[in-house]
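target.cif follows (mmCIF, C-alpha atoms, pLDDT in the B column; chains and numbers go by the auth columns):
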```cif
data_start
#
loop_
_atom_site.group_PDB
_atom_site.id
_atom_site.type_symbol
_atom_site.label_atom_id
_atom_site.label_comp_id
_atom_site.label_asym_id
_atom_site.label_seq_id
_atom_site.Cartn_x
_atom_site.Cartn_y
_atom_site.Cartn_z
_atom_site.B_iso_or_equiv
_atom_site.auth_seq_id
_atom_site.auth_asym_id
ATOM 1 C CA MET A 1 -24.107 -2.472 43.380 48.00 1 A
ATOM 2 C CA ASP A 2 -23.284 -3.169 47.025 60.00 2 A
ATOM 3 C CA LYS A 3 -21.194 -6.348 47.551 65.00 3 A
ATOM 4 C CA ASP A 4 -23.601 -7.758 50.180 64.00 4 A
ATOM 5 C CA PHE A 5 -26.599 -7.105 47.981 59.00 5 A
ATOM 6 C CA ALA A 6 -24.858 -8.817 45.047 65.00 6 A
ATOM 7 C CA SER A 7 -24.308 -11.842 47.296 69.00 7 A
ATOM 8 C CA VAL A 8 -28.004 -11.941 48.213 63.00 8 A
ATOM 9 C CA VAL A 9 -29.030 -11.728 44.554 64.00 9 A
ATOM 10 C CA SER A 10 -26.606 -14.548 43.706 70.00 10 A
ATOM 11 C CA GLU A 11 -28.060 -16.843 46.392 69.00 11 A
ATOM 12 C CA PHE A 12 -31.618 -16.162 45.263 66.00 12 A
ATOM 13 C CA SER A 13 -30.614 -16.889 41.668 68.00 13 A
ATOM 14 C CA SER A 14 -29.023 -20.194 42.709 73.00 14 A
ATOM 15 C CA TRP A 15 -31.591 -21.485 45.189 75.00 15 A
ATOM 16 C CA GLY A 16 -34.686 -19.438 44.555 80.00 16 A
ATOM 17 C CA VAL A 17 -37.850 -20.186 42.657 88.00 17 A
ATOM 18 C CA THR A 18 -40.240 -17.891 40.850 90.00 18 A
ATOM 19 C CA LEU A 19 -43.436 -17.260 42.806 92.00 19 A
ATOM 20 C CA GLN A 20 -46.317 -14.874 42.314 93.00 20 A
ATOM 21 C CA LEU A 21 -47.083 -12.011 44.648 94.00 21 A
ATOM 22 C CA VAL A 22 -50.746 -11.010 44.321 94.00 22 A
ATOM 23 C CA ARG A 23 -51.558 -7.431 45.337 93.00 23 A
ATOM 24 C CA THR A 24 -55.244 -6.785 45.928 92.00 24 A
ATOM 25 C CA SER A 25 -57.017 -3.460 46.031 89.00 25 A
ATOM 26 C CA THR A 26 -60.463 -2.010 45.531 87.00 26 A
ATOM 27 C CA TYR A 27 -61.668 0.849 43.385 87.00 27 A
ATOM 28 C CA TYR A 28 -64.902 2.752 42.947 88.00 28 A
ATOM 29 C CA ASN A 29 -66.834 1.588 39.895 84.00 29 A
ATOM 30 C CA PRO A 30 -69.072 4.436 38.669 86.00 30 A
ATOM 31 C CA TYR A 31 -71.095 2.077 36.426 86.00 31 A
ATOM 32 C CA THR A 32 -72.256 -0.064 39.347 85.00 32 A
ATOM 33 C CA SER A 33 -72.014 2.698 41.986 87.00 33 A
ATOM 34 C CA GLY A 34 -70.078 0.242 44.125 89.00 34 A
ATOM 35 C CA VAL A 35 -66.638 -0.881 45.045 89.00 35 A
ATOM 36 C CA SER A 36 -64.978 -3.501 42.819 85.00 36 A
ATOM 37 C CA PRO A 37 -61.969 -5.658 43.680 87.00 37 A
ATOM 38 C CA SER A 38 -58.780 -5.589 41.634 89.00 38 A
ATOM 39 C CA GLU A 39 -55.721 -7.872 41.614 92.00 39 A
ATOM 40 C CA VAL A 40 -52.279 -7.404 40.107 93.00 40 A
ATOM 41 C CA VAL A 41 -49.879 -10.371 39.896 94.00 41 A
ATOM 42 C CA TYR A 42 -46.100 -9.934 40.047 93.00 42 A
ATOM 43 C CA ASP A 43 -43.468 -12.619 39.448 93.00 43 A
ATOM 44 C CA VAL A 44 -40.863 -12.597 42.229 91.00 44 A
ATOM 45 C CA GLN A 45 -37.767 -14.616 43.145 89.00 45 A
ATOM 46 C CA ALA A 46 -38.036 -16.310 46.518 91.00 46 A
ATOM 47 C CA ILE A 47 -36.671 -19.084 48.705 89.00 47 A
ATOM 48 C CA VAL A 48 -39.323 -21.086 50.605 90.00 48 A
ATOM 49 C CA PHE A 49 -38.863 -23.091 53.817 87.00 49 A
ATOM 50 C CA ASP A 50 -41.332 -25.091 55.896 85.00 50 A
ATOM 51 C CA TYR A 51 -41.467 -24.235 59.569 76.00 51 A
ATOM 52 C CA THR A 52 -40.551 -27.383 61.482 67.00 52 A
ATOM 53 C CA ASN A 53 -42.304 -28.615 64.571 55.00 53 A
ATOM 54 C CA LYS A 54 -40.050 -29.521 67.451 54.00 54 A
ATOM 55 C CA GLN A 55 -42.557 -32.096 68.691 53.00 55 A
ATOM 56 C CA GLU A 56 -43.500 -34.715 66.124 53.00 56 A
ATOM 57 C CA GLY A 57 -47.246 -35.127 65.763 54.00 57 A
ATOM 58 C CA SER A 58 -47.920 -31.656 67.120 53.00 58 A
ATOM 59 C CA THR A 59 -49.937 -29.313 64.920 55.00 59 A
ATOM 60 C CA THR A 60 -48.353 -26.210 66.409 55.00 60 A
ATOM 61 C CA LYS A 61 -44.968 -25.174 67.712 56.00 61 A
ATOM 62 C CA PRO A 62 -45.271 -24.841 71.518 58.00 62 A
ATOM 63 C CA ASN A 63 -45.717 -21.276 72.795 60.00 63 A
ATOM 64 C CA THR A 64 -45.982 -19.822 69.276 66.00 64 A
ATOM 65 C CA LEU A 65 -48.671 -19.158 66.713 73.00 65 A
ATOM 66 C CA ILE A 66 -46.965 -21.357 64.104 77.00 66 A
ATOM 67 C CA GLN A 67 -49.223 -24.051 62.655 79.00 67 A
ATOM 68 C CA THR A 68 -48.646 -27.075 60.437 78.00 68 A
ATOM 69 C CA GLY A 69 -48.224 -25.939 56.835 82.00 69 A
ATOM 70 C CA ASP A 70 -46.879 -22.489 57.688 87.00 70 A
ATOM 71 C CA LYS A 71 -43.932 -21.392 55.578 89.00 71 A
ATOM 72 C CA GLN A 72 -41.064 -18.943 55.796 90.00 72 A
ATOM 73 C CA VAL A 73 -40.440 -17.111 52.521 92.00 73 A
ATOM 74 C CA TYR A 74 -37.448 -14.952 51.672 91.00 74 A
ATOM 75 C CA LEU A 75 -38.427 -12.693 48.781 90.00 75 A
ATOM 76 C CA ILE A 76 -36.092 -10.454 46.808 87.00 76 A
ATOM 77 C CA PRO A 77 -37.525 -7.068 45.805 87.00 77 A
ATOM 78 C CA ASN A 78 -37.696 -6.099 42.158 86.00 78 A
ATOM 79 C CA ILE A 79 -38.716 -3.061 40.133 83.00 79 A
ATOM 80 C CA ASP A 80 -42.438 -3.805 40.711 86.00 80 A
ATOM 81 C CA VAL A 81 -42.259 -5.064 44.298 87.00 81 A
ATOM 82 C CA THR A 82 -40.479 -2.644 46.626 86.00 82 A
ATOM 83 C CA ARG A 83 -42.733 -3.297 49.621 88.00 83 A
ATOM 84 C CA VAL A 84 -44.878 -6.116 50.978 92.00 84 A
ATOM 85 C CA ASP A 85 -48.156 -5.382 52.773 92.00 85 A
ATOM 86 C CA PRO A 86 -49.687 -8.290 54.747 92.00 86 A
ATOM 87 C CA THR A 87 -53.112 -6.636 54.615 92.00 87 A
ATOM 88 C CA THR A 88 -53.337 -6.580 50.801 92.00 88 A
ATOM 89 C CA ASP A 89 -50.740 -9.033 49.446 94.00 89 A
ATOM 90 C CA PHE A 90 -50.730 -12.819 49.021 94.00 90 A
ATOM 91 C CA ILE A 91 -48.088 -15.303 47.843 94.00 91 A
ATOM 92 C CA VAL A 92 -48.927 -18.130 45.422 94.00 92 A
ATOM 93 C CA ILE A 93 -46.879 -21.291 46.083 91.00 93 A
ATOM 94 C CA ASN A 94 -47.514 -24.353 43.896 89.00 94 A
ATOM 95 C CA GLY A 95 -50.815 -22.904 42.729 91.00 95 A
ATOM 96 C CA ARG A 96 -52.119 -22.305 46.267 92.00 96 A
ATOM 97 C CA ARG A 97 -52.690 -18.833 47.663 93.00 97 A
ATOM 98 C CA HIS A 98 -50.995 -18.195 51.015 94.00 98 A
ATOM 99 C CA LYS A 99 -51.873 -15.314 53.343 94.00 99 A
ATOM 100 C CA ILE A 100 -48.945 -13.201 54.490 93.00 100 A
ATOM 101 C CA VAL A 101 -49.207 -13.173 58.285 92.00 101 A
ATOM 102 C CA ALA A 102 -46.125 -11.026 58.868 90.00 102 A
ATOM 103 C CA ALA A 103 -43.531 -9.314 56.694 91.00 103 A
ATOM 104 C CA LYS A 104 -40.146 -7.970 57.710 91.00 104 A
ATOM 105 C CA SER A 105 -37.898 -5.871 55.496 88.00 105 A
ATOM 106 C CA VAL A 106 -34.164 -6.591 55.784 86.00 106 A
ATOM 107 C CA ASP A 107 -32.575 -3.261 54.929 83.00 107 A
ATOM 108 C CA PRO A 108 -29.147 -2.706 56.517 80.00 108 A
ATOM 109 C CA THR A 109 -28.417 0.332 54.333 78.00 109 A
ATOM 110 C CA GLN A 110 -31.719 2.072 55.169 79.00 110 A
ATOM 111 C CA SER A 111 -32.091 2.924 51.479 78.00 111 A
ATOM 112 C CA SER A 112 -33.718 -0.085 49.822 79.00 112 A
ATOM 113 C CA PRO A 113 -34.432 -3.569 51.176 81.00 113 A
ATOM 114 C CA TYR A 114 -32.090 -6.485 50.376 82.00 114 A
ATOM 115 C CA TYR A 115 -34.944 -8.928 50.845 87.00 115 A
ATOM 116 C CA PHE A 116 -38.216 -9.479 52.706 90.00 116 A
ATOM 117 C CA GLU A 117 -38.748 -12.225 55.263 91.00 117 A
ATOM 118 C CA LEU A 118 -42.374 -13.400 55.161 92.00 118 A
ATOM 119 C CA PHE A 119 -44.368 -15.686 57.436 92.00 119 A
ATOM 120 C CA VAL A 120 -47.156 -17.201 55.319 93.00 120 A
ATOM 121 C CA ARG A 121 -50.127 -19.511 55.941 91.00 121 A
ATOM 122 C CA VAL A 122 -52.536 -21.360 53.625 79.00 122 A
#
```
Go through the file and emit its structure as structure tokens.
Amino acid sequence: MDKDFASVVSEFSSWGVTLQLVRTSTYYNPYTSGVSPSEVVYDVQAIVFDYTNKQEGSTTKPNTLIQTGDKQVYLIPNIDVTRVDPTTDFIVINGRRHKIVAAKSVDPTQSSPYYFELFVRV
């Protein structure tokens, strides 16, 4: 195991919490002749931060799309979660489903990501 990756795993183990990543999809249901939704839930290790507003009382960060309640989530990949897709995935934090607005893979080795940086919104 790469030394840097081991360090990342150690930090997530120390400071991280277990969250759920919900992956949604649809499939053709021949019994109803329609499309049915499907969800699969994965437990993932993550570190969650609130975005802070520079101006107290403001509901958004000036000149950005960040809103009150938005969160920054650092998620470590596991055997089931090797990618994050903002169009189909959601994160559950404290029982509330958060939409993934943007996802960035941090992959310095270009072989497998060390972690994902997510921008999420209720």
Contacts of Ser112 (chain A) within 10 Å, all atoms listed in the file, excl. fewer than 3 positions in-chain, as a short mmCIF file (atom, residue, chain, number, x, y, z; two decimals) with C-alpha atoms, keeping the file's coordinate frame:
```cif
data_model
loop_
_atom_site.label_atom_id
_atom_site.label_comp_id
_atom_site.auth_asym_id
_atom_site.auth_seq_id
_atom_site.Cartn_x
_atom_site.Cartn_y
_atom_site.Cartn_z
CA PRO A 77 -37.52 -7.07 45.80
CA THR A 82 -40.48 -2.64 46.63
CA ARG A 83 -42.73 -3.30 49.62
CA SER A 105 -37.90 -5.87 55.50
CA VAL A 106 -34.16 -6.59 55.78
CA ASP A 107 -32.58 -3.26 54.93
CA PRO A 108 -29.15 -2.71 56.52
CA THR A 109 -28.42 0.33 54.33
CA TYR A 115 -34.94 -8.93 50.84
#
```
Please compute the CA of Ser14 (chain A)-CA of Gln110 (chain A) distance, one decimal, in Å.
25.7 Å
One decimal, Å: what's the distance from CA of Val22 (chain A) over to CA of Ser10 (chain A), could you say?
24.4 Å
State, in Å with one decimal place, the distance from CA of Ala102 (chain A) to CA of Pro86 (chain A).
6.1 Å
Judged by all atoms listed in the file, the minimum distance to Trp15 (chain A) among A:Val101, A:Val120, A:Tyr74, A:Gln67 is found for A:Tyr74
If we count all atoms listed in the file, what is near Gln45 (chain A) at a cut-off of 7 Å, once residues fewer than 6 positions away on the same chain are taken out, given as a ChimeraX atom specification?
/A:12,16-19,75-76
From A:Val84, A:Asn29, A:Ile47, A:Arg121, residue lying nearest Asp70 (chain A) [all atoms listed in the file]
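With all atoms listed in the file as the atom set, the closest residue is A:Arg121.
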Between A:Thr24, A:Leu118, A:Lys99, A:Val35, which is the closest to Tyr51 (chain A) once you count all atoms listed in the file?
A:Leu118
Once you've located region 77-114 of chain A in the structure I gave, write it as a PDB file, in the first residue's frame, keeping N, CA and C atoms.
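Output contents, as saved in part-v2.pdb:
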```
ATOM      1  N   PRO A  77     -12.835   5.955  -0.987  1.00  0.00           N
ATOM      2  CA  PRO A  77     -13.421   4.876  -1.776  1.00  0.00           C
ATOM      3  C   PRO A  77     -13.268   3.535  -1.056  1.00  0.00           C
ATOM      4  N   ASN A  78     -14.148   2.624  -1.387  1.00  0.00           N
ATOM      5  CA  ASN A  78     -14.035   1.262  -0.862  1.00  0.00           C
ATOM      6  C   ASN A  78     -14.314   0.278  -1.991  1.00  0.00           C
ATOM      7  N   ILE A  79     -14.423  -0.977  -1.666  1.00  0.00           N
ATOM      8  CA  ILE A  79     -14.596  -2.011  -2.689  1.00  0.00           C
ATOM      9  C   ILE A  79     -15.874  -1.806  -3.512  1.00  0.00           C
ATOM     10  N   ASP A  80     -16.924  -1.225  -2.874  1.00  0.00           N
ATOM     11  CA  ASP A  80     -18.198  -1.015  -3.569  1.00  0.00           C
ATOM     12  C   ASP A  80     -18.290   0.351  -4.238  1.00  0.00           C
ATOM     13  N   VAL A  81     -17.570   1.320  -3.714  1.00  0.00           N
ATOM     14  CA  VAL A  81     -17.664   2.697  -4.215  1.00  0.00           C
ATOM     15  C   VAL A  81     -16.302   3.109  -4.764  1.00  0.00           C
ATOM     16  N   THR A  82     -16.148   2.989  -6.073  1.00  0.00           N
ATOM     17  CA  THR A  82     -14.897   3.376  -6.730  1.00  0.00           C
ATOM     18  C   THR A  82     -15.077   4.622  -7.582  1.00  0.00           C
ATOM     19  N   ARG A  83     -16.305   5.115  -7.632  1.00  0.00           N
ATOM     20  CA  ARG A  83     -16.619   6.344  -8.373  1.00  0.00           C
ATOM     21  C   ARG A  83     -17.808   7.002  -7.695  1.00  0.00           C
ATOM     22  N   VAL A  84     -17.968   8.293  -7.925  1.00  0.00           N
ATOM     23  CA  VAL A  84     -19.123   9.032  -7.428  1.00  0.00           C
ATOM     24  C   VAL A  84     -19.706   9.794  -8.604  1.00  0.00           C
ATOM     25  N   ASP A  85     -21.003   9.644  -8.829  1.00  0.00           N
ATOM     26  CA  ASP A  85     -21.683  10.288  -9.953  1.00  0.00           C
ATOM     27  C   ASP A  85     -22.742  11.247  -9.412  1.00  0.00           C
ATOM     28  N   PRO A  86     -22.533  12.571  -9.557  1.00  0.00           N
ATOM     29  CA  PRO A  86     -23.510  13.531  -9.034  1.00  0.00           C
ATOM     30  C   PRO A  86     -24.906  13.410  -9.641  1.00  0.00           C
ATOM     31  N   THR A  87     -25.018  12.771 -10.797  1.00  0.00           N
ATOM     32  CA  THR A  87     -26.341  12.667 -11.427  1.00  0.00           C
ATOM     33  C   THR A  87     -27.177  11.522 -10.861  1.00  0.00           C
ATOM     34  N   THR A  88     -26.521  10.539 -10.209  1.00  0.00           N
ATOM     35  CA  THR A  88     -27.277   9.386  -9.706  1.00  0.00           C
ATOM     36  C   THR A  88     -27.068   9.110  -8.227  1.00  0.00           C
ATOM     37  N   ASP A  89     -26.068   9.735  -7.603  1.00  0.00           N
ATOM     38  CA  ASP A  89     -25.726   9.419  -6.215  1.00  0.00           C
ATOM     39  C   ASP A  89     -26.167  10.518  -5.253  1.00  0.00           C
ATOM     40  N   PHE A  90     -26.444  10.112  -4.021  1.00  0.00           N
ATOM     41  CA  PHE A  90     -26.790  11.019  -2.925  1.00  0.00           C
ATOM     42  C   PHE A  90     -25.999  10.589  -1.701  1.00  0.00           C
ATOM     43  N   ILE A  91     -25.810  11.523  -0.763  1.00  0.00           N
ATOM     44  CA  ILE A  91     -25.170  11.219   0.521  1.00  0.00           C
ATOM     45  C   ILE A  91     -26.205  11.426   1.614  1.00  0.00           C
ATOM     46  N   VAL A  92     -26.266  10.505   2.576  1.00  0.00           N
ATOM     47  CA  VAL A  92     -27.172  10.642   3.717  1.00  0.00           C
ATOM     48  C   VAL A  92     -26.329  11.055   4.928  1.00  0.00           C
ATOM     49  N   ILE A  93     -26.629  12.245   5.464  1.00  0.00           N
ATOM     50  CA  ILE A  93     -25.935  12.782   6.635  1.00  0.00           C
ATOM     51  C   ILE A  93     -26.984  13.021   7.707  1.00  0.00           C
ATOM     52  N   ASN A  94     -26.808  12.383   8.856  1.00  0.00           N
ATOM     53  CA  ASN A  94     -27.760  12.520   9.977  1.00  0.00           C
ATOM     54  C   ASN A  94     -29.201  12.253   9.551  1.00  0.00           C
ATOM     55  N   GLY A  95     -29.390  11.257   8.712  1.00  0.00           N
ATOM     56  CA  GLY A  95     -30.728  10.876   8.290  1.00  0.00           C
ATOM     57  C   GLY A  95     -31.333  11.735   7.202  1.00  0.00           C
ATOM     58  N   ARG A  96     -30.608  12.761   6.738  1.00  0.00           N
ATOM     59  CA  ARG A  96     -31.119  13.629   5.674  1.00  0.00           C
ATOM     60  C   ARG A  96     -30.352  13.374   4.381  1.00  0.00           C
ATOM     61  N   ARG A  97     -31.089  13.275   3.296  1.00  0.00           N
ATOM     62  CA  ARG A  97     -30.481  13.039   1.990  1.00  0.00           C
ATOM     63  C   ARG A  97     -29.960  14.358   1.425  1.00  0.00           C
ATOM     64  N   HIS A  98     -28.700  14.349   0.997  1.00  0.00           N
ATOM     65  CA  HIS A  98     -28.062  15.520   0.404  1.00  0.00           C
ATOM     66  C   HIS A  98     -27.711  15.215  -1.050  1.00  0.00           C
ATOM     67  N   LYS A  99     -28.026  16.164  -1.929  1.00  0.00           N
ATOM     68  CA  LYS A  99     -27.687  16.042  -3.348  1.00  0.00           C
ATOM     69  C   LYS A  99     -26.209  16.349  -3.535  1.00  0.00           C
ATOM     70  N   ILE A 100     -25.542  15.565  -4.333  1.00  0.00           N
ATOM     71  CA  ILE A 100     -24.144  15.835  -4.672  1.00  0.00           C
ATOM     72  C   ILE A 100     -24.147  16.813  -5.844  1.00  0.00           C
ATOM     73  N   VAL A 101     -23.682  18.027  -5.578  1.00  0.00           N
ATOM     74  CA  VAL A 101     -23.650  19.071  -6.610  1.00  0.00           C
ATOM     75  C   VAL A 101     -22.429  18.876  -7.497  1.00  0.00           C
ATOM     76  N   ALA A 102     -21.295  18.569  -6.879  1.00  0.00           N
ATOM     77  CA  ALA A 102     -20.060  18.360  -7.639  1.00  0.00           C
ATOM     78  C   ALA A 102     -19.209  17.319  -6.922  1.00  0.00           C
ATOM     79  N   ALA A 103     -18.471  16.549  -7.699  1.00  0.00           N
ATOM     80  CA  ALA A 103     -17.580  15.532  -7.145  1.00  0.00           C
ATOM     81  C   ALA A 103     -16.242  15.613  -7.860  1.00  0.00           C
ATOM     82  N   LYS A 104     -15.177  15.562  -7.067  1.00  0.00           N
ATOM     83  CA  LYS A 104     -13.832  15.598  -7.631  1.00  0.00           C
ATOM     84  C   LYS A 104     -13.049  14.416  -7.072  1.00  0.00           C
ATOM     85  N   SER A 105     -12.414  13.676  -7.943  1.00  0.00           N
ATOM     86  CA  SER A 105     -11.585  12.548  -7.544  1.00  0.00           C
ATOM     87  C   SER A 105     -10.161  13.039  -7.317  1.00  0.00           C
ATOM     88  N   VAL A 106      -9.581  12.712  -6.166  1.00  0.00           N
ATOM     89  CA  VAL A 106      -8.187  13.050  -5.887  1.00  0.00           C
ATOM     90  C   VAL A 106      -7.383  11.772  -6.104  1.00  0.00           C
ATOM     91  N   ASP A 107      -6.650  11.754  -7.212  1.00  0.00           N
ATOM     92  CA  ASP A 107      -5.978  10.543  -7.669  1.00  0.00           C
ATOM     93  C   ASP A 107      -4.581  10.877  -8.196  1.00  0.00           C
ATOM     94  N   PRO A 108      -3.618  11.122  -7.301  1.00  0.00           N
ATOM     95  CA  PRO A 108      -2.284  11.505  -7.776  1.00  0.00           C
ATOM     96  C   PRO A 108      -1.548  10.395  -8.514  1.00  0.00           C
ATOM     97  N   THR A 109      -1.913   9.151  -8.295  1.00  0.00           N
ATOM     98  CA  THR A 109      -1.222   8.041  -8.960  1.00  0.00           C
ATOM     99  C   THR A 109      -1.831   7.691 -10.307  1.00  0.00           C
ATOM    100  N   GLN A 110      -3.005   8.256 -10.605  1.00  0.00           N
ATOM    101  CA  GLN A 110      -3.726   7.955 -11.849  1.00  0.00           C
ATOM    102  C   GLN A 110      -4.090   6.485 -11.969  1.00  0.00           C
ATOM    103  N   SER A 111      -4.186   5.779 -10.827  1.00  0.00           N
ATOM    104  CA  SER A 111      -4.569   4.372 -10.884  1.00  0.00           C
ATOM    105  C   SER A 111      -5.860   4.116 -10.112  1.00  0.00           C
ATOM    106  N   SER A 112      -5.981   4.684  -8.923  1.00  0.00           N
ATOM    107  CA  SER A 112      -7.216   4.567  -8.163  1.00  0.00           C
ATOM    108  C   SER A 112      -7.266   5.756  -7.207  1.00  0.00           C
ATOM    109  N   PRO A 113      -8.452   6.333  -7.017  1.00  0.00           N
ATOM    110  CA  PRO A 113      -8.541   7.554  -6.211  1.00  0.00           C
ATOM    111  C   PRO A 113      -8.204   7.329  -4.740  1.00  0.00           C
ATOM    112  N   TYR A 114      -7.516   8.327  -4.141  1.00  0.00           N
ATOM    113  CA  TYR A 114      -7.245   8.309  -2.693  1.00  0.00           C
ATOM    114  C   TYR A 114      -8.518   8.661  -1.944  1.00  0.00           C
TER     115      TYR A 114
END
```
